[in-house]
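**Q** Right, I'll just put the structure down here and ask away after.
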Amino acid sequence: MKRIITFGTFDVFHVGHINILERAAQYGDHLTVGVSSDALNFSKKGRYPIYPESDRCKIIRSLKFVNEVFVEESLEFKKKYIEKCNADILIMGDDWAGRFDWVNEICQVIYLPRTPSISTTEIIEVVKSIK
Ligand code: CTP
């Protein structure tokens, strides 16, 4: 049995999020998703998510190809999370390419191509620009 883990904010849930989670699940038999806490997102992106972490977790937990969800409190605990869930493979979008190679000592790391032309940031910008 192969266990997969992935991480992300998954704010203003969109099809790019579905695509990466669906593809990640196909690499194994069990998919765990670490959802960035509101505070972690603020430290990474300089803004709080539109949807609070409890709602973002609820959305991700409802997907049929996701088996487990937890709140990721800090980027520093990456290894601890991977070990705790016994992951064989860490999957990330290729906007993170190379940045998790150090995790290779404890599990395989695979970067998947992002879905083109969609992101949470872009959706927020489009909505803001509607008059
Ligand atoms: N992702 C993807 N394709 C997209 C957007 C996101 O594959 N078009 C992936 C990211 O690579 C990451 C996961 O979805 O592995 C969660 O990304 P997240 O940062 O939450 O979503 P973004 O839409 O990239 O958000 P933002 O614009 O705020 O950076």
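For the structure tokens, the naming scheme is as follows: chains receive sequential letters (A, B, ...) according to their order of presentation, residues are indexed from 1 within each chain, and ligands are indexed from 1 in presentation order.
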Give the residues close to ligand 1, within 7 Å, counting only C-alpha atoms and all ligand atoms; write them as a VMD selection string.
**A** chain A and resid 7 to 11 16 to 17 19 to 20 92 to 96 112 to 122
**Q** Please, could you write that set of residues out with N, CA, C and O atoms as a tab-separated table (two decimals), in the first residue's frame?
**A**
chain	number	residue	atom	x	y	z
A	7	PHE	N	0.46	19.15	0.14
A	7	PHE	CA	0.18	20.32	0.99
A	7	PHE	C	-0.31	21.48	0.13
A	7	PHE	O	0.05	21.58	-1.05
A	8	GLY	N	-1.09	22.36	0.74
A	8	GLY	CA	-1.50	23.57	0.01
A	8	GLY	C	-2.50	24.36	0.83
A	8	GLY	O	-2.96	23.90	1.88
A	9	THR	N	-2.82	25.55	0.33
A	9	THR	CA	-3.81	26.39	1.03
A	9	THR	C	-5.23	26.04	0.58
A	9	THR	O	-6.15	26.00	1.37
A	10	PHE	N	-5.38	25.81	-0.71
A	10	PHE	CA	-6.66	25.44	-1.31
A	10	PHE	C	-7.76	26.44	-0.95
A	10	PHE	O	-8.87	26.06	-0.58
A	11	ASP	N	-7.43	27.73	-1.06
A	11	ASP	CA	-8.41	28.79	-0.78
A	11	ASP	C	-9.21	29.06	-2.06
A	11	ASP	O	-8.68	28.94	-3.17
A	16	GLY	N	-8.03	23.72	-10.64
A	16	GLY	CA	-6.60	23.38	-10.53
A	16	GLY	C	-6.34	22.57	-9.25
A	16	GLY	O	-5.51	21.66	-9.24
A	17	HIS	N	-7.06	22.90	-8.19
A	17	HIS	CA	-6.92	22.15	-6.93
A	17	HIS	C	-7.45	20.73	-7.11
A	17	HIS	O	-6.80	19.76	-6.71
A	19	ASN	N	-7.67	19.06	-9.87
A	19	ASN	CA	-6.78	18.29	-10.76
A	19	ASN	C	-5.57	17.75	-10.03
A	19	ASN	O	-5.20	16.59	-10.19
A	20	ILE	N	-4.93	18.58	-9.20
A	20	ILE	CA	-3.71	18.08	-8.55
A	20	ILE	C	-4.04	17.01	-7.50
A	20	ILE	O	-3.33	16.01	-7.38
A	92	MET	N	3.74	17.71	-5.12
A	92	MET	CA	3.50	19.16	-5.10
A	92	MET	C	3.35	19.64	-6.54
A	92	MET	O	3.86	19.02	-7.47
A	93	GLY	N	2.70	20.79	-6.71
A	93	GLY	CA	2.63	21.40	-8.03
A	93	GLY	C	4.00	21.92	-8.42
A	93	GLY	O	4.84	22.19	-7.56
A	94	ASP	N	4.24	22.05	-9.73
A	94	ASP	CA	5.59	22.40	-10.16
A	94	ASP	C	5.97	23.87	-9.92
A	94	ASP	O	7.08	24.29	-10.23
A	95	ASP	N	5.02	24.65	-9.34
A	95	ASP	CA	5.43	25.99	-8.87
A	95	ASP	C	6.38	25.84	-7.68
A	95	ASP	O	7.07	26.78	-7.31
A	96	TRP	N	6.43	24.64	-7.09
A	96	TRP	CA	7.32	24.35	-5.97
A	96	TRP	C	8.56	23.57	-6.41
A	96	TRP	O	9.33	23.11	-5.57
A	112	LEU	N	4.10	17.85	-9.99
A	112	LEU	CA	3.20	17.69	-11.14
A	112	LEU	C	2.94	19.05	-11.78
A	112	LEU	O	2.87	20.07	-11.07
A	113	PRO	N	2.77	19.07	-13.10
A	113	PRO	CA	2.50	20.35	-13.77
A	113	PRO	C	1.20	20.99	-13.26
A	113	PRO	O	0.21	20.29	-13.05
A	114	ARG	N	1.24	22.29	-13.06
A	114	ARG	CA	0.04	23.02	-12.64
A	114	ARG	C	-0.98	23.06	-13.78
A	114	ARG	O	-0.60	23.04	-14.94
A	115	THR	N	-2.23	23.18	-13.43
A	115	THR	CA	-3.26	23.44	-14.43
A	115	THR	C	-3.07	24.87	-14.92
A	115	THR	O	-3.00	25.79	-14.09
A	116	PRO	N	-2.97	25.07	-16.24
A	116	PRO	CA	-2.72	26.43	-16.72
A	116	PRO	C	-3.88	27.40	-16.47
A	116	PRO	O	-5.03	26.97	-16.38
A	117	SER	N	-3.54	28.66	-16.40
A	117	SER	CA	-4.52	29.77	-16.43
A	117	SER	C	-5.54	29.82	-15.31
A	117	SER	O	-6.64	30.35	-15.52
A	118	ILE	N	-5.21	29.26	-14.15
A	118	ILE	CA	-6.13	29.46	-13.02
A	118	ILE	C	-5.35	29.46	-11.71
A	118	ILE	O	-4.43	28.66	-11.54
A	119	SER	N	-5.69	30.39	-10.84
A	119	SER	CA	-5.12	30.39	-9.49
A	119	SER	C	-6.05	31.17	-8.58
A	119	SER	O	-6.85	31.99	-9.04
A	120	THR	N	-5.93	30.92	-7.30
A	120	THR	CA	-6.75	31.63	-6.32
A	120	THR	C	-6.51	33.13	-6.42
A	120	THR	O	-7.46	33.92	-6.44
A	121	THR	N	-5.23	33.51	-6.53
A	121	THR	CA	-4.90	34.94	-6.61
A	121	THR	C	-5.59	35.60	-7.79
A	121	THR	O	-6.16	36.69	-7.68
A	122	GLU	N	-5.56	34.89	-8.94
A	122	GLU	CA	-6.18	35.44	-10.14
A	122	GLU	C	-7.69	35.57	-9.98
A	122	GLU	O	-8.28	36.58	-10.39
**Q** Check the DSSP output for the backbone and give back, as a ChimeraX atom specification, the residues of range 16-119 of chain A in alpha helix (DSSP H).
**A** /A:16-25,38-45,53-61,78-84
**Q** With distances taken over only C-alpha atoms, which residue among A:Ile130, A:Ala25, A:Ile89, A:Ile124 lies nearest Glu105 in chain A?
**A**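 Closest to Glu105 in chain A of all the choices is A:Ile89.
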**Q** What does the structure give for the distance between CA of Gln108 in chain A and CA of Leu31 in chain A, in Å to one decimal?
**A**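 Distance between the two atoms: 14.4 Å.
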**Q** Could you write out, as a list in words, all the residues of range 5-130 of chain A that DSSP marks as strand (DSSP E)?
**A**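 The strand (DSSP E) residues within range 5-130 of chain A come out as Ile5, Thr6, Phe7, Gly8, His30, Leu31, Thr32, Val33, Gly34, Val35, Ser36, Glu68, Val69, Phe70, Val71, Glu72, Ile89, Leu90, Ile91, Met92, Gly93, Gln108, Val109, Ile110, Tyr111 and Leu112 of chain A.
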**Q** Can you tell me how far CA of Val12 in chain A sits from CA of Val103 in chain A, in Å to one decimal?
**A** 28.2 Å
**Q** Would you mind telling me which residue in A:Ser129, A:Ser36, A:Glu83, A:Pro52 lies nearest to Val69 in chain A when using only C-alpha atoms?
**A**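 Closest to Val69 in chain A of all the choices is A:Ser36.
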**Q** Closest to Leu40 in chain A among A:Glu76, A:Glu22, A:Asp88, A:Asp55, using only C-alpha atoms?
**A**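 Result for the nearest residue to Leu40 in chain A: A:Glu76.
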**Q** What does the distance between CA of Ile91 in chain A and CA of His30 in chain A come to in Å, to one decimal place?
**A**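 Spanning CA of Ile91 in chain A to CA of His30 in chain A is a straight-line distance of 12.6 Å.
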**Q** With only C-alpha atoms as the atoms that count, which of A:Cys85, A:Ala97, A:Val126, A:Val109 lies nearest to Gly34 in chain A?
**A** A:Cys85
**Q** Please provide the set of residues having any atom within 7 Å of Tyr48 in chain A, restricted to only C-alpha atoms, with same-chain residues fewer than 5 positions apart removed, written as an MDAnalysis selection string.
**A** chainID A and resid 38 41:42
**Q** Filtering to all heavy atoms, could you give me those residues as a compact mmCIF listing (two decimals), in the first residue's frame?
**A**
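Result file is again01.txt:
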# COMPACT_ATOMS: atom_id res chain seq x y z
N ASP A 38 -4.58 29.36 8.64
CA ASP A 38 -4.76 30.76 8.26
C ASP A 38 -3.49 31.55 8.57
O ASP A 38 -3.03 32.37 7.76
CB ASP A 38 -5.96 31.38 9.02
CG ASP A 38 -7.28 30.71 8.63
OD1 ASP A 38 -7.35 30.10 7.54
OD2 ASP A 38 -8.24 30.78 9.43
N ASN A 41 -0.68 30.74 6.12
CA ASN A 41 -0.91 31.40 4.84
C ASN A 41 -0.53 32.87 4.90
O ASN A 41 0.06 33.42 3.96
CB ASN A 41 -2.38 31.25 4.42
CG ASN A 41 -2.57 31.56 2.96
OD1 ASN A 41 -2.23 30.76 2.11
ND2 ASN A 41 -3.06 32.75 2.66
N PHE A 42 -0.85 33.51 6.05
CA PHE A 42 -0.48 34.92 6.20
C PHE A 42 1.04 35.08 6.13
O PHE A 42 1.55 35.96 5.44
CB PHE A 42 -1.02 35.49 7.52
CG PHE A 42 -0.78 36.97 7.64
CD1 PHE A 42 -1.62 37.87 6.99
CD2 PHE A 42 0.29 37.46 8.36
CE1 PHE A 42 -1.40 39.23 7.06
CE2 PHE A 42 0.52 38.83 8.44
CZ PHE A 42 -0.32 39.72 7.79
**Q** Closest to Val35 in chain A among A:Lys128, A:Phe70, A:Met1, A:Lys64, using only C-alpha atoms?
**A**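 Nearest to Val35 in chain A: A:Phe70.
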**Q** Which polymer residues have any atom within 12 Å of an atom of Asn67 in chain A, counting only C-alpha atoms, with same-chain residues fewer than 5 positions away left out, as a list in words?
**A**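 The filter keeps Arg3, Ile4, Ile5, Thr6, Leu21, Glu22, Ala24, Ala25, Gly28, Asp29, His30, Leu31, Thr32, Val33, Gly34, Cys57, Ile60, Arg61, Ser62 and Cys85 of chain A.
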